[in-house]
Each structure stands twice: as structure tokens, then as C-alpha cells.
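Content type PDB, C-alpha atoms, from the file work09.pdb:
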```
ATOM      1  CA  ALA V   1     -20.624 137.245 186.959  1.00  0.00           C
ATOM      2  CA  GLN V   2     -21.842 139.284 189.888  1.00  0.00           C
ATOM      3  CA  LYS V   3     -19.808 142.406 190.468  1.00  0.00           C
ATOM      4  CA  ILE V   4     -20.766 142.590 194.152  1.00  0.00           C
ATOM      5  CA  THR V   5     -21.655 139.623 196.355  1.00  0.00           C
ATOM      6  CA  GLN V   6     -23.197 139.850 199.799  1.00  0.00           C
ATOM      7  CA  THR V   7     -23.712 136.345 201.140  1.00  0.00           C
ATOM      8  CA  GLN V   8     -25.563 137.208 204.355  1.00  0.00           C
ATOM      9  CA  PRO V   9     -29.237 137.940 203.697  1.00  0.00           C
ATOM     10  CA  GLY V  10     -29.850 138.531 207.406  1.00  0.00           C
ATOM     11  CA  MET V  11     -27.717 139.102 210.484  1.00  0.00           C
ATOM     12  CA  PHE V  12     -28.463 139.536 214.180  1.00  0.00           C
ATOM     13  CA  VAL V  13     -26.230 141.266 216.709  1.00  0.00           C
ATOM     14  CA  GLN V  14     -26.572 142.057 220.395  1.00  0.00           C
ATOM     15  CA  GLU V  15     -26.658 145.721 221.287  1.00  0.00           C
ATOM     16  CA  LYS V  16     -23.167 147.111 222.068  1.00  0.00           C
ATOM     17  CA  GLU V  17     -21.465 144.216 220.263  1.00  0.00           C
ATOM     18  CA  ALA V  18     -19.485 144.547 217.028  1.00  0.00           C
ATOM     19  CA  VAL V  19     -20.703 143.016 213.774  1.00  0.00           C
ATOM     20  CA  THR V  20     -19.091 142.359 210.392  1.00  0.00           C
ATOM     21  CA  LEU V  21     -21.086 142.457 207.169  1.00  0.00           C
ATOM     22  CA  ASP V  22     -19.404 140.637 204.325  1.00  0.00           C
ATOM     23  CA  CYS V  23     -18.859 141.919 200.805  1.00  0.00           C
ATOM     24  CA  THR V  24     -16.771 140.550 197.969  1.00  0.00           C
ATOM     25  CA  TYR V  25     -16.336 142.184 194.596  1.00  0.00           C
ATOM     26  CA  ASP V  26     -15.192 141.296 191.128  1.00  0.00           C
ATOM     27  CA  THR V  27     -13.364 143.654 188.812  1.00  0.00           C
ATOM     28  CA  SER V  28     -10.369 143.678 186.503  1.00  0.00           C
ATOM     29  CA  ASP V  29     -10.148 147.460 186.635  1.00  0.00           C
ATOM     30  CA  PRO V  30      -7.126 148.536 188.741  1.00  0.00           C
ATOM     31  CA  SER V  31      -8.935 151.709 189.839  1.00  0.00           C
ATOM     32  CA  TYR V  32     -12.208 151.387 191.679  1.00  0.00           C
ATOM     33  CA  GLY V  33     -14.090 152.607 194.698  1.00  0.00           C
ATOM     34  CA  LEU V  34     -16.034 150.635 197.246  1.00  0.00           C
ATOM     35  CA  PHE V  35     -19.004 151.983 199.193  1.00  0.00           C
ATOM     36  CA  TRP V  36     -21.408 150.998 201.905  1.00  0.00           C
ATOM     37  CA  TYR V  37     -24.918 152.374 202.201  1.00  0.00           C
ATOM     38  CA  LYS V  38     -27.499 151.968 204.956  1.00  0.00           C
ATOM     39  CA  GLN V  39     -31.209 151.819 204.202  1.00  0.00           C
ATOM     40  CA  PRO V  40     -33.482 152.126 207.254  1.00  0.00           C
ATOM     41  CA  SER V  41     -37.117 151.087 207.083  1.00  0.00           C
ATOM     42  CA  SER V  42     -37.986 154.618 205.928  1.00  0.00           C
ATOM     43  CA  GLY V  43     -36.333 153.777 202.620  1.00  0.00           C
ATOM     44  CA  GLU V  44     -33.712 156.482 202.155  1.00  0.00           C
ATOM     45  CA  MET V  45     -30.204 155.372 201.192  1.00  0.00           C
ATOM     46  CA  ILE V  46     -27.589 156.786 203.543  1.00  0.00           C
ATOM     47  CA  PHE V  47     -23.929 156.840 202.494  1.00  0.00           C
ATOM     48  CA  LEU V  48     -21.721 155.388 205.223  1.00  0.00           C
ATOM     49  CA  ILE V  49     -18.166 154.912 204.048  1.00  0.00           C
ATOM     50  CA  TYR V  50     -15.880 154.882 201.008  1.00  0.00           C
ATOM     51  CA  GLN V  51     -12.636 153.036 200.212  1.00  0.00           C
ATOM     52  CA  GLY V  52     -10.518 153.695 197.148  1.00  0.00           C
ATOM     53  CA  SER V  53      -8.587 150.844 195.590  1.00  0.00           C
ATOM     54  CA  TYR V  54      -5.296 152.668 196.054  1.00  0.00           C
ATOM     55  CA  ASP V  55      -5.944 153.738 199.629  1.00  0.00           C
ATOM     56  CA  GLN V  56      -3.284 152.264 201.867  1.00  0.00           C
ATOM     57  CA  GLN V  57      -5.305 152.366 205.043  1.00  0.00           C
ATOM     58  CA  ASN V  58      -8.734 150.998 205.814  1.00  0.00           C
ATOM     59  CA  ALA V  59     -11.415 153.675 205.815  1.00  0.00           C
ATOM     60  CA  THR V  60     -13.087 154.587 209.094  1.00  0.00           C
ATOM     61  CA  GLU V  61     -16.052 156.832 209.854  1.00  0.00           C
ATOM     62  CA  GLY V  62     -17.006 156.920 213.499  1.00  0.00           C
ATOM     63  CA  ARG V  63     -18.289 153.458 214.453  1.00  0.00           C
ATOM     64  CA  TYR V  64     -17.969 152.224 210.862  1.00  0.00           C
ATOM     65  CA  SER V  65     -14.801 150.793 209.409  1.00  0.00           C
ATOM     66  CA  LEU V  66     -14.158 149.053 206.135  1.00  0.00           C
ATOM     67  CA  ASN V  67     -11.922 145.979 206.293  1.00  0.00           C
ATOM     68  CA  PHE V  68     -10.357 146.164 202.831  1.00  0.00           C
ATOM     69  CA  GLN V  69      -8.463 143.069 201.697  1.00  0.00           C
ATOM     70  CA  LYS V  70      -7.473 143.774 198.118  1.00  0.00           C
ATOM     71  CA  ALA V  71      -5.928 140.395 197.303  1.00  0.00           C
ATOM     72  CA  ARG V  72      -9.077 138.624 198.490  1.00  0.00           C
ATOM     73  CA  LYS V  73     -11.317 141.248 196.824  1.00  0.00           C
ATOM     74  CA  SER V  74     -13.263 141.761 199.990  1.00  0.00           C
ATOM     75  CA  ALA V  75     -14.594 144.953 201.556  1.00  0.00           C
ATOM     76  CA  ASN V  76     -16.330 144.003 204.770  1.00  0.00           C
ATOM     77  CA  LEU V  77     -18.125 146.597 206.870  1.00  0.00           C
ATOM     78  CA  VAL V  78     -17.456 146.494 210.590  1.00  0.00           C
ATOM     79  CA  ILE V  79     -19.890 148.257 212.911  1.00  0.00           C
ATOM     80  CA  SER V  80     -18.594 148.626 216.434  1.00  0.00           C
ATOM     81  CA  ALA V  81     -20.760 149.050 219.559  1.00  0.00           C
ATOM     82  CA  SER V  82     -24.029 148.304 217.735  1.00  0.00           C
ATOM     83  CA  GLN V  83     -27.030 150.454 218.538  1.00  0.00           C
ATOM     84  CA  LEU V  84     -30.738 149.769 218.036  1.00  0.00           C
ATOM     85  CA  GLY V  85     -30.763 152.441 215.336  1.00  0.00           C
ATOM     86  CA  ASP V  86     -28.295 150.370 213.311  1.00  0.00           C
ATOM     87  CA  SER V  87     -31.105 147.962 212.416  1.00  0.00           C
ATOM     88  CA  ALA V  88     -31.452 148.406 208.645  1.00  0.00           C
ATOM     89  CA  MET V  89     -30.534 146.998 205.247  1.00  0.00           C
ATOM     90  CA  TYR V  90     -26.896 147.469 204.309  1.00  0.00           C
ATOM     91  CA  PHE V  91     -25.700 147.554 200.725  1.00  0.00           C
ATOM     92  CA  CYS V  92     -22.171 147.190 199.444  1.00  0.00           C
ATOM     93  CA  ALA V  93     -21.415 148.901 196.141  1.00  0.00           C
ATOM     94  CA  MET V  94     -18.537 149.413 193.726  1.00  0.00           C
ATOM     95  CA  ARG V  95     -17.696 151.919 191.059  1.00  0.00           C
ATOM     96  CA  GLU V  96     -15.060 151.163 188.451  1.00  0.00           C
ATOM     97  CA  LEU V  97     -13.364 154.478 187.770  1.00  0.00           C
ATOM     98  CA  THR V  98     -13.233 153.875 184.022  1.00  0.00           C
ATOM     99  CA  GLY V  99     -17.023 153.861 183.914  1.00  0.00           C
ATOM    100  CA  ASN V 100     -20.017 155.705 185.285  1.00  0.00           C
ATOM    101  CA  GLN V 101     -21.900 152.784 186.753  1.00  0.00           C
ATOM    102  CA  PHE V 102     -22.263 151.906 190.406  1.00  0.00           C
ATOM    103  CA  TYR V 103     -22.859 148.189 191.092  1.00  0.00           C
ATOM    104  CA  PHE V 104     -24.779 147.112 194.178  1.00  0.00           C
ATOM    105  CA  GLY V 105     -25.019 143.874 196.104  1.00  0.00           C
ATOM    106  CA  THR V 106     -28.261 142.246 197.210  1.00  0.00           C
ATOM    107  CA  GLY V 107     -27.989 143.641 200.716  1.00  0.00           C
ATOM    108  CA  THR V 108     -27.797 142.354 204.284  1.00  0.00           C
ATOM    109  CA  SER V 109     -30.608 142.965 206.744  1.00  0.00           C
ATOM    110  CA  LEU V 110     -29.127 143.713 210.169  1.00  0.00           C
ATOM    111  CA  THR V 111     -31.202 143.437 213.309  1.00  0.00           C
ATOM    112  CA  VAL V 112     -29.806 144.729 216.586  1.00  0.00           C
ATOM    113  CA  ILE V 113     -31.251 142.919 219.596  1.00  0.00           C
ATOM    114  CA  PRO V 114     -31.626 144.810 222.898  1.00  0.00           C
TER     115      PRO V 114
ATOM    116  CA  ASP C 115     -28.258 170.793 201.898  1.00  0.00           C
ATOM    117  CA  VAL C 116     -27.931 168.942 198.599  1.00  0.00           C
ATOM    118  CA  LYS C 117     -31.005 167.139 197.416  1.00  0.00           C
ATOM    119  CA  VAL C 118     -32.403 164.593 195.038  1.00  0.00           C
ATOM    120  CA  THR C 119     -36.177 164.868 194.955  1.00  0.00           C
ATOM    121  CA  GLN C 120     -38.494 162.222 193.597  1.00  0.00           C
ATOM    122  CA  SER C 121     -41.913 163.608 192.845  1.00  0.00           C
ATOM    123  CA  SER C 122     -44.013 160.768 194.252  1.00  0.00           C
ATOM    124  CA  ARG C 123     -43.343 158.538 197.264  1.00  0.00           C
ATOM    125  CA  TYR C 124     -46.249 156.199 196.523  1.00  0.00           C
ATOM    126  CA  LEU C 125     -48.122 155.538 193.295  1.00  0.00           C
ATOM    127  CA  VAL C 126     -50.825 153.055 192.386  1.00  0.00           C
ATOM    128  CA  LYS C 127     -51.434 152.514 188.677  1.00  0.00           C
ATOM    129  CA  ARG C 128     -53.384 150.094 186.530  1.00  0.00           C
ATOM    130  CA  THR C 129     -51.935 147.656 184.022  1.00  0.00           C
ATOM    131  CA  GLY C 130     -51.398 149.345 180.681  1.00  0.00           C
ATOM    132  CA  GLU C 131     -51.186 152.887 182.042  1.00  0.00           C
ATOM    133  CA  LYS C 132     -48.301 155.153 181.120  1.00  0.00           C
ATOM    134  CA  VAL C 133     -46.337 156.088 184.217  1.00  0.00           C
ATOM    135  CA  PHE C 134     -43.894 158.946 184.727  1.00  0.00           C
ATOM    136  CA  LEU C 135     -41.463 158.969 187.633  1.00  0.00           C
ATOM    137  CA  GLU C 136     -39.734 162.307 188.012  1.00  0.00           C
ATOM    138  CA  CYS C 137     -36.414 163.025 189.651  1.00  0.00           C
ATOM    139  CA  VAL C 138     -34.857 166.444 190.202  1.00  0.00           C
ATOM    140  CA  GLN C 139     -31.461 167.254 191.713  1.00  0.00           C
ATOM    141  CA  ASP C 140     -30.153 170.645 192.773  1.00  0.00           C
ATOM    142  CA  MET C 141     -26.446 169.802 192.849  1.00  0.00           C
ATOM    143  CA  ASP C 142     -25.574 170.455 189.192  1.00  0.00           C
ATOM    144  CA  HIS C 143     -24.635 166.795 188.837  1.00  0.00           C
ATOM    145  CA  GLU C 144     -23.905 165.459 185.361  1.00  0.00           C
ATOM    146  CA  ASN C 145     -24.645 161.831 186.134  1.00  0.00           C
ATOM    147  CA  MET C 146     -28.106 160.599 187.061  1.00  0.00           C
ATOM    148  CA  PHE C 147     -29.360 157.060 187.591  1.00  0.00           C
ATOM    149  CA  TRP C 148     -32.576 155.098 187.925  1.00  0.00           C
ATOM    150  CA  TYR C 149     -32.480 151.904 189.983  1.00  0.00           C
ATOM    151  CA  ARG C 150     -35.124 149.369 190.790  1.00  0.00           C
ATOM    152  CA  GLN C 151     -35.015 147.716 194.221  1.00  0.00           C
ATOM    153  CA  ASP C 152     -36.662 144.342 194.896  1.00  0.00           C
ATOM    154  CA  PRO C 153     -36.279 142.086 197.956  1.00  0.00           C
ATOM    155  CA  GLY C 154     -33.431 139.639 197.539  1.00  0.00           C
ATOM    156  CA  LEU C 155     -32.270 141.281 194.312  1.00  0.00           C
ATOM    157  CA  GLY C 156     -30.779 144.479 195.670  1.00  0.00           C
ATOM    158  CA  LEU C 157     -30.543 147.526 193.435  1.00  0.00           C
ATOM    159  CA  ARG C 158     -30.532 146.956 189.704  1.00  0.00           C
ATOM    160  CA  LEU C 159     -29.682 149.712 187.268  1.00  0.00           C
ATOM    161  CA  ILE C 160     -32.378 150.533 184.725  1.00  0.00           C
ATOM    162  CA  TYR C 161     -30.858 153.521 182.906  1.00  0.00           C
ATOM    163  CA  PHE C 162     -28.339 156.214 183.552  1.00  0.00           C
ATOM    164  CA  SER C 163     -27.517 159.531 181.964  1.00  0.00           C
ATOM    165  CA  TYR C 164     -24.179 161.317 181.939  1.00  0.00           C
ATOM    166  CA  ASP C 165     -25.367 164.507 180.271  1.00  0.00           C
ATOM    167  CA  VAL C 166     -28.417 166.243 178.902  1.00  0.00           C
ATOM    168  CA  LYS C 167     -30.082 164.148 176.200  1.00  0.00           C
ATOM    169  CA  MET C 168     -27.540 161.351 176.767  1.00  0.00           C
ATOM    170  CA  LYS C 169     -28.595 157.998 178.161  1.00  0.00           C
ATOM    171  CA  GLU C 170     -27.264 154.499 178.510  1.00  0.00           C
ATOM    172  CA  LYS C 171     -29.042 151.263 179.251  1.00  0.00           C
ATOM    173  CA  GLY C 172     -28.353 149.571 182.522  1.00  0.00           C
ATOM    174  CA  ASP C 173     -28.927 145.953 183.395  1.00  0.00           C
ATOM    175  CA  ILE C 174     -32.739 145.859 183.121  1.00  0.00           C
ATOM    176  CA  PRO C 175     -33.947 148.501 180.602  1.00  0.00           C
ATOM    177  CA  GLU C 176     -36.744 146.407 179.084  1.00  0.00           C
ATOM    178  CA  GLY C 177     -40.137 148.032 179.557  1.00  0.00           C
ATOM    179  CA  TYR C 178     -38.639 151.399 180.532  1.00  0.00           C
ATOM    180  CA  SER C 179     -37.485 154.550 178.802  1.00  0.00           C
ATOM    181  CA  VAL C 180     -35.956 157.753 180.138  1.00  0.00           C
ATOM    182  CA  SER C 181     -35.796 161.419 179.315  1.00  0.00           C
ATOM    183  CA  ARG C 182     -33.161 164.019 180.245  1.00  0.00           C
ATOM    184  CA  GLU C 183     -34.081 167.326 178.629  1.00  0.00           C
ATOM    185  CA  LYS C 184     -32.549 169.439 181.404  1.00  0.00           C
ATOM    186  CA  LYS C 185     -29.502 168.756 183.523  1.00  0.00           C
ATOM    187  CA  GLU C 186     -31.401 168.746 186.786  1.00  0.00           C
ATOM    188  CA  ARG C 187     -34.248 166.435 185.737  1.00  0.00           C
ATOM    189  CA  PHE C 188     -34.209 162.742 184.861  1.00  0.00           C
ATOM    190  CA  SER C 189     -37.526 161.045 184.158  1.00  0.00           C
ATOM    191  CA  LEU C 190     -38.291 157.346 184.086  1.00  0.00           C
ATOM    192  CA  ILE C 191     -41.176 156.318 181.846  1.00  0.00           C
ATOM    193  CA  LEU C 192     -43.139 153.099 181.867  1.00  0.00           C
ATOM    194  CA  GLU C 193     -44.904 153.151 178.506  1.00  0.00           C
ATOM    195  CA  SER C 194     -47.394 150.445 179.463  1.00  0.00           C
ATOM    196  CA  ALA C 195     -47.155 149.453 183.116  1.00  0.00           C
ATOM    197  CA  SER C 196     -47.292 145.779 184.001  1.00  0.00           C
ATOM    198  CA  THR C 197     -47.725 144.047 187.352  1.00  0.00           C
ATOM    199  CA  ASN C 198     -44.103 142.847 187.304  1.00  0.00           C
ATOM    200  CA  GLN C 199     -43.014 146.475 187.421  1.00  0.00           C
ATOM    201  CA  THR C 200     -44.400 146.807 190.933  1.00  0.00           C
ATOM    202  CA  SER C 201     -41.293 147.838 192.844  1.00  0.00           C
ATOM    203  CA  MET C 202     -39.368 150.547 194.647  1.00  0.00           C
ATOM    204  CA  TYR C 203     -37.669 152.957 192.242  1.00  0.00           C
ATOM    205  CA  LEU C 204     -34.653 154.932 193.377  1.00  0.00           C
ATOM    206  CA  CYS C 205     -33.143 157.916 191.610  1.00  0.00           C
ATOM    207  CA  ALA C 206     -29.564 158.976 192.296  1.00  0.00           C
ATOM    208  CA  SER C 207     -27.059 161.500 191.038  1.00  0.00           C
ATOM    209  CA  THR C 208     -23.345 162.190 191.217  1.00  0.00           C
ATOM    210  CA  LEU C 209     -20.523 164.144 189.657  1.00  0.00           C
ATOM    211  CA  PRO C 210     -18.257 162.203 187.272  1.00  0.00           C
ATOM    212  CA  GLY C 211     -15.514 160.541 189.310  1.00  0.00           C
ATOM    213  CA  ALA C 212     -17.155 161.430 192.595  1.00  0.00           C
ATOM    214  CA  ASN C 213     -16.949 159.129 195.569  1.00  0.00           C
ATOM    215  CA  VAL C 214     -20.558 159.301 196.630  1.00  0.00           C
ATOM    216  CA  LEU C 215     -23.927 158.664 195.018  1.00  0.00           C
ATOM    217  CA  THR C 216     -26.762 160.797 196.396  1.00  0.00           C
ATOM    218  CA  PHE C 217     -30.169 159.158 196.436  1.00  0.00           C
ATOM    219  CA  GLY C 218     -33.730 160.385 196.460  1.00  0.00           C
ATOM    220  CA  ALA C 219     -36.254 159.047 198.960  1.00  0.00           C
ATOM    221  CA  GLY C 220     -37.619 156.485 196.508  1.00  0.00           C
ATOM    222  CA  SER C 221     -40.931 155.967 194.719  1.00  0.00           C
ATOM    223  CA  ARG C 222     -42.916 152.869 195.577  1.00  0.00           C
ATOM    224  CA  LEU C 223     -44.985 151.893 192.552  1.00  0.00           C
ATOM    225  CA  THR C 224     -47.807 149.370 192.680  1.00  0.00           C
ATOM    226  CA  VAL C 225     -49.307 148.214 189.389  1.00  0.00           C
ATOM    227  CA  LEU C 226     -52.690 146.519 189.728  1.00  0.00           C
TER     228      LEU C 226
END
```
Please go through the file and, once you have read it, give me the structure as C-alpha cells.
Amino acid sequence: AQKITQTQPGMFVQEKEAVTLDCTYDTSDPSYGLFWYKQPSSGEMIFLIYQGSYDQQNATEGRYSLNFQKARKSANLVISASQLGDSAMYFCAMRELTGNQFYFGTGTSLTVIP
Amino acid sequence: DVKVTQSSRYLVKRTGEKVFLECVQDMDHENMFWYRQDPGLGLRLIYFSYDVKMKEKGDIPEGYSVSREKKERFSLILESASTNQTSMYLCASTLPGANVLTFGAGSRLTVL
């Protein structure tokens, strides 16, 4: 079974609007971390945000927030006030804390429309 | 600033050639990873290493080998390159238990 599922291959959003990128995960490990990375067309992977499985509050980093719903095993990324520079691929990832591996989803390509 | 450096951004090789992709990190990280990125498939783990001379297979190790003789360097080797190994290769490193994976800029390999 897939550890990380991103069901939106491509998304469009109007500049200054908010957008939610979906991510669901699968693990039986009680301790895990969830991550989002951004990959612009230049190719580098940029770390955006982290959520631990025991964190009580949703993680936020500037315009990025992670909508963590543990019972539903979802970790959606919310980008508020979208900017043209937000156009990129976005990857959701998970690390089970009993192991060393990081598991990645297939990514969502976000295009911000002026 | 911490860095993961991949020696080549772009490579073009011929079928059957031996290919070395080098990755060096300056953060004293124990864990290092090689991923392959293909459109629609995301990042797939080829191999990872949690210490010098230690390695573990990831999800798609066939056709690849790795070498970790020094802590800072993790090499990916394609013994006999094939056209289906044309891809973007990403190296990453982290400390055990850390909450972030630091990536290199990627190496785009084309096998003709």
C-alpha cells in the first residue's frame, strides 16, 4: 500500500486566494512526522513545514499551514494569499520515527494564475 | 549555510556505460539517501545509508549500487546504464531522528 497519497496531480489557484493541497498517509507506527516540500522549476527541494504525530496544534510557517487530521490520516497543506512564486510542485512526505526512511507522495503541480 | 552538493547537474551517457553520481554533505549527517524522481511517480528511494560502509536497499535498488567510504560522501553507481535509468536523481541527508531532510540540487541523467 502507498504510504503517502496525493490525489491532485495539478491544481490552479487565483493569485491572492487560498489553496489546499491534499495528502493522506498510511502508517501503523504511533510516532511519525509529516512534511511538505516545494520544488520550483529550478529543481531544488525546499522544506516548507513539519508536523509531528503528537503535536497538539497544527503547524504553521508564515503563509503555510498544515491541516492535520490524525483520525482521518490526512495532512493537507494550506497556502494562504497565493503568490505567483508559489507555482511549483509540492510533495507531501512522512517519516516513521522507528525507521530511517522518508516516504514521498507523487506530488501536486500548483499553478498560480495572475 | 548547510549544504548537500551533487557533483553534476546534467549528464548524458550512453547505454552500457558505468555512471557515478557523487553527493557530498558538510553537515556531519549520519543518514544519506538517493532518490529517483520521475513525472507522475514522485520520489522513489533507491538506497540509503545510516553510517559509513552501511547501506540499505530502498524501493527500487535494481540496476544501482552505492558506496559510502566516508561520512560526508555517498555515491550512486549505475554499473551499466540503460535508457530506463534516464531520470532526475536527488541526494539528501539528515541526522537520525531529525525533522528535516536536506536535498542537493539534483542530477539530471540522460542515457542514450
Within 9 Å of chain V: residues of chain C, using only C-alpha atoms, as a ChimeraX atom specification: /C:145,147,152-159,162,164,172,204,210-211,213-220
Which residue of C:Phe134, C:Tyr203, C:Trp148, C:Tyr161 approaches Ile191 of chain C most closely, using all atoms listed in the file: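 Among the listed residues, C:Phe134 lies closest to Ile191 of chain C.
In this model, the gap between atom CA of Ile79 of chain V and atom CA of Gln2 of chain V comes to 24.8 Å.
Using all atoms listed in the file, the shortest contact distance between Ala206 of chain C and any of C:Leu226, C:Val138, C:Met146, C:Val180 is found at C:Met146.
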Residue contacts of Cys137 of chain C (8 Å, only C-alpha atoms) excluding same-chain residues fewer than 3 positions away, as a list in words: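 Contacts, in chain order: Val118, Thr119, Gln120, Ser121, Arg187, Phe188, Ser189, Cys205 and Gly218 of chain C.
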Test item: the PyMOL selection byres ((chain V and resi 16-24) around 6) resolved as JSON, numbers by chain: {"V": [4, 5, 6, 14, 15, 25, 73, 74, 75, 76, 77, 78, 79, 80, 81, 82]}
d(atom CA of Glu193 of chain C, atom CA of Glu136 of chain C) in Å: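 Atom CA of Glu136 of chain C lies at a distance of 14.2 Å from atom CA of Glu193 of chain C.
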Answer key for the PyMOL selection byres ((chain C and resi 123) around 7), residues as JSON, numbers by chain: {"C": [121, 122, 124, 125, 220, 221, 222]}
Selection dump of the PyMOL selection byres ((chain V and resi 87) around 8), as JSON, numbers by chain: {"V": [40, 83, 84, 85, 86, 88, 89, 109, 110, 111, 112]}
Length of the atom CA of Val126 of chain C to atom CA of Val225 of chain C vector [Å]: 5.9 Å
Padding of 8 Å on every side, edges along x, y and z, all listed atoms of segment 16-31 of chain V included: what centre and edge lengths in Å, to one decimal, does that box have, as JSON?
```
{"center_x": -15.1, "center_y": 146.1, "center_z": 204.3, "size_x": 32.0, "size_y": 27.2, "size_z": 51.6}
```
Among listed residues C:Met168, C:Ala195, C:Ala212, C:Ile174, nearest Leu135 of chain C (using only C-alpha atoms):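 Selected residue with least distance to Leu135 of chain C: C:Ala195.
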Distance criterion (only C-alpha atoms): nearest to His143 of chain C out of C:Ser163, C:Gly177, C:Glu170, C:Thr224: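 Once distances to His143 of chain C are computed over only C-alpha atoms, the minimum belongs to C:Ser163.
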Minimum-distance residue to Asp29 of chain V, chosen among V:Asn58, V:Ser53, V:Gln69, V:Gln8 (using only C-alpha atoms):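 For Asp29 of chain V, the nearest of the candidates is V:Ser53.
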